[in-house]
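Source file data.txt; content: compact mmCIF, C-alpha atoms.
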# COMPACT_ATOMS: atom_id res chain seq x y z
CA GLU A 1 -96.52 163.23 23.13
CA VAL A 2 -99.54 161.34 24.41
CA GLN A 3 -102.62 163.54 24.41
CA LEU A 4 -105.95 162.38 25.77
CA MET A 5 -109.11 164.43 26.16
CA GLU A 6 -112.17 163.11 27.97
CA SER A 7 -115.71 164.42 27.58
CA GLY A 8 -119.29 163.43 28.26
CA GLY A 9 -119.46 163.64 32.02
CA GLY A 10 -122.30 165.28 33.88
CA GLU A 11 -124.79 164.92 36.67
CA VAL A 12 -127.41 162.20 36.50
CA GLN A 13 -129.80 160.56 38.90
CA SER A 14 -129.21 157.11 40.26
CA GLY A 15 -130.15 154.55 37.62
CA GLY A 16 -129.32 156.90 34.78
CA SER A 17 -126.84 156.61 31.95
CA LEU A 18 -123.94 158.54 30.45
CA THR A 19 -121.52 158.00 27.61
CA LEU A 20 -117.93 159.12 28.05
CA SER A 21 -115.55 159.71 25.17
CA CYS A 22 -111.80 160.07 25.01
CA GLY A 23 -110.04 161.50 21.98
CA ALA A 24 -106.45 160.35 21.59
CA SER A 25 -103.45 161.59 19.67
CA GLY A 26 -99.67 161.46 19.70
CA PHE A 27 -99.29 157.69 19.88
CA PRO A 28 -100.40 154.59 17.92
CA PHE A 29 -103.89 154.34 19.38
CA SER A 30 -104.94 151.23 17.47
CA ARG A 31 -101.96 149.31 18.86
CA SER A 32 -102.40 150.51 22.44
CA THR A 33 -104.14 149.02 25.43
CA MET A 34 -106.52 151.62 26.83
CA SER A 35 -108.31 151.91 30.14
CA TRP A 36 -110.71 154.04 32.09
CA VAL A 37 -109.80 154.82 35.67
CA ARG A 38 -111.70 156.94 38.17
CA GLN A 39 -111.16 158.80 41.39
CA ALA A 40 -113.94 159.25 43.91
CA PRO A 41 -113.83 162.27 46.22
CA GLY A 42 -111.16 161.74 48.86
CA LYS A 43 -110.03 158.39 47.47
CA GLY A 44 -107.28 157.07 45.23
CA LEU A 45 -107.41 156.08 41.62
CA GLU A 46 -109.44 152.97 40.79
CA TRP A 47 -109.15 151.01 37.56
CA VAL A 48 -112.60 150.60 36.00
CA SER A 49 -112.30 149.00 32.58
CA GLY A 50 -109.86 148.33 29.79
CA VAL A 51 -109.60 147.15 26.20
CA ASP A 52 -106.53 145.69 24.59
CA ARG A 53 -105.47 146.14 20.99
CA SER A 54 -107.29 142.98 19.93
CA GLY A 55 -110.54 144.43 21.26
CA THR A 56 -110.79 142.16 24.27
CA THR A 57 -112.53 144.01 27.10
CA TYR A 58 -112.02 143.85 30.83
CA TYR A 59 -114.04 145.20 33.76
CA SER A 60 -113.70 145.62 37.49
CA ASP A 61 -116.22 143.69 39.53
CA SER A 62 -117.83 146.94 40.66
CA VAL A 63 -118.93 147.89 37.13
CA LYS A 64 -119.25 144.55 35.35
CA GLY A 65 -122.64 144.25 33.70
CA ARG A 66 -123.32 147.99 33.93
CA PHE A 67 -120.50 149.65 31.98
CA THR A 68 -119.36 148.93 28.43
CA ILE A 69 -116.00 149.97 27.03
CA SER A 70 -115.40 150.26 23.31
CA ARG A 71 -112.94 151.81 20.89
CA ASP A 72 -113.10 153.25 17.39
CA ASN A 73 -109.62 153.00 15.95
CA ALA A 74 -110.60 154.93 12.82
CA LYS A 75 -111.50 157.89 15.03
CA ASN A 76 -108.78 157.37 17.66
CA THR A 77 -111.52 157.44 20.27
CA LEU A 78 -112.23 155.41 23.39
CA TYR A 79 -115.72 155.20 24.87
CA LEU A 80 -117.31 154.14 28.13
CA GLN A 81 -121.06 153.59 28.31
CA LEU A 82 -122.25 153.91 31.89
CA ASN A 83 -125.66 152.38 32.67
CA SER A 84 -127.54 151.78 35.92
CA LEU A 85 -125.40 154.39 37.61
CA LYS A 86 -125.04 154.31 41.37
CA ILE A 87 -124.11 157.07 43.79
CA GLU A 88 -120.80 155.30 44.39
CA ASP A 89 -119.92 155.73 40.70
CA THR A 90 -119.45 159.45 41.38
CA GLY A 91 -115.95 160.65 40.58
CA MET A 92 -113.55 162.01 38.03
CA TYR A 93 -113.12 159.62 35.11
CA TYR A 94 -109.86 159.49 33.18
CA CYS A 95 -108.79 157.57 30.14
CA GLN A 96 -105.35 156.05 30.37
CA GLU A 97 -102.98 154.74 27.77
CA GLY A 98 -100.91 151.64 28.10
CA SER A 99 -102.12 149.48 30.97
CA LEU A 100 -104.96 147.36 32.32
CA ALA A 101 -104.39 148.73 35.81
CA VAL A 102 -103.82 152.10 37.42
CA CYS A 103 -100.52 153.29 36.02
CA THR A 104 -98.84 156.39 37.39
CA THR A 105 -96.39 156.66 34.51
CA CYS A 106 -98.94 156.17 31.73
CA GLY A 107 -100.54 158.96 29.76
CA ARG A 108 -103.81 160.19 31.21
CA GLY A 109 -106.19 163.00 30.31
CA GLN A 110 -107.57 165.79 32.46
CA GLY A 111 -110.69 163.83 33.26
CA THR A 112 -114.44 164.32 33.08
CA GLN A 113 -116.63 164.54 36.17
CA VAL A 114 -119.48 162.11 36.73
CA THR A 115 -121.87 162.93 39.55
CA VAL A 116 -124.68 160.55 40.46
CA SER A 117 -127.39 161.86 42.77
CA SER A 118 -130.26 160.13 44.52

Would you write out, as structure tokens, the structure that this file holds?
Amino acid sequence: EVQLMESGGGEVQSGGSLTLSCGASGFPFSRSTMSWVRQAPGKGLEWVSGVDRSGTTYYSDSVKGRFTISRDNAKNTLYLQLNSLKIEDTGMYYCQEGSLAVCTTCGRGQGTQVTVSS
């Protein structure tokens, strides 16, 4: 069973930084494509960033240059470094297993809330 647990969210001012973590278990993490997706209040899920099993990283245009995704296969952990945060980055952030896009059938954690204030 895929199990994912996000942490590291919080409230920061615009321009601030956060680091999100996602602990994974129940599947071969090192061989899996992983992504971060988010959901802003009142909106649908949005794919943010992904990393494939070779370590190649991918970003949406809205976060490119500000966010950095990484993985530690020895620790079965996925990370997302969020820099230069904007108010529009506010939302619930989820890690997702298995796709470089929003995937409704893929494993996803419970999420961690990121709130950016002015």

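The neighbours of Gly65 (chain A) here are the residues that come within 12 Å of it, using all atoms listed in the file and leaving out any residue fewer than 3 positions away in the same chain; they are Ser49, Tyr58, Tyr59, Ser60, Asp61, Ser62, Thr68, Ile69, Gln81, Leu82, Asn83, Ser84 and Leu85 of chain A.
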
Report, in Å to a single decimal, how far apart CA of Val51 (chain A) and CA of Ser35 (chain A) are. 6.3 Å

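Using all atoms listed in the file for every distance, the candidate list A:Asn73, A:Gln96, A:Thr90, A:Ser32 yields A:Gln96 as the residue closest to Gln110 (chain A).
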
Using only C-alpha atoms, can you list as an MDAnalysis selection string the residues within 12 Å of (-109.3, 157.6, 23.3)? chainID A and resid 2:7 20:36 50:51 69:80 94:98 107:109 111

Please report the interatomic distance between CA of Gly42 (chain A) and CA of Met92 (chain A) in Å with one decimal. 11.1 Å

Rounded to one decimal, what separation in Å do you get between CA of Gly15 (chain A) and CA of Ala40 (chain A)?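 Going from CA of Gly15 (chain A) over to CA of Ala40 (chain A) covers 18.0 Å.
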
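Of the residues listed (A:Thr112, A:Val102, A:Thr56, A:Ile87), A:Ile87 shows the shortest atom-to-atom separation from Val12 (chain A); distances use only C-alpha atoms.
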
Smallest atom-to-atom distance to Thr115 (chain A): which of A:Glu46, A:Asp52, A:Glu88, A:Glu1, using all atoms listed in the file? A:Glu88

Among the residues A:Val37, A:Leu100, A:Val114, A:Val48, the one that comes closest to Thr19 (chain A) [using only C-alpha atoms]: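 For Thr19 (chain A), the nearest of the candidates is A:Val114.
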
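Minimum distance to Lys43 (chain A) across A:Phe67, A:Ser14, A:Gly9, A:Gly91 (counting all atoms listed in the file) occurs at A:Gly91.
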
From A:Cys103, A:Glu11, A:Leu18, A:Arg66, residue lying nearest Trp47 (chain A) [all atoms listed in the file]: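 Among the listed residues, the smallest separation from Trp47 (chain A) belongs to A:Cys103.
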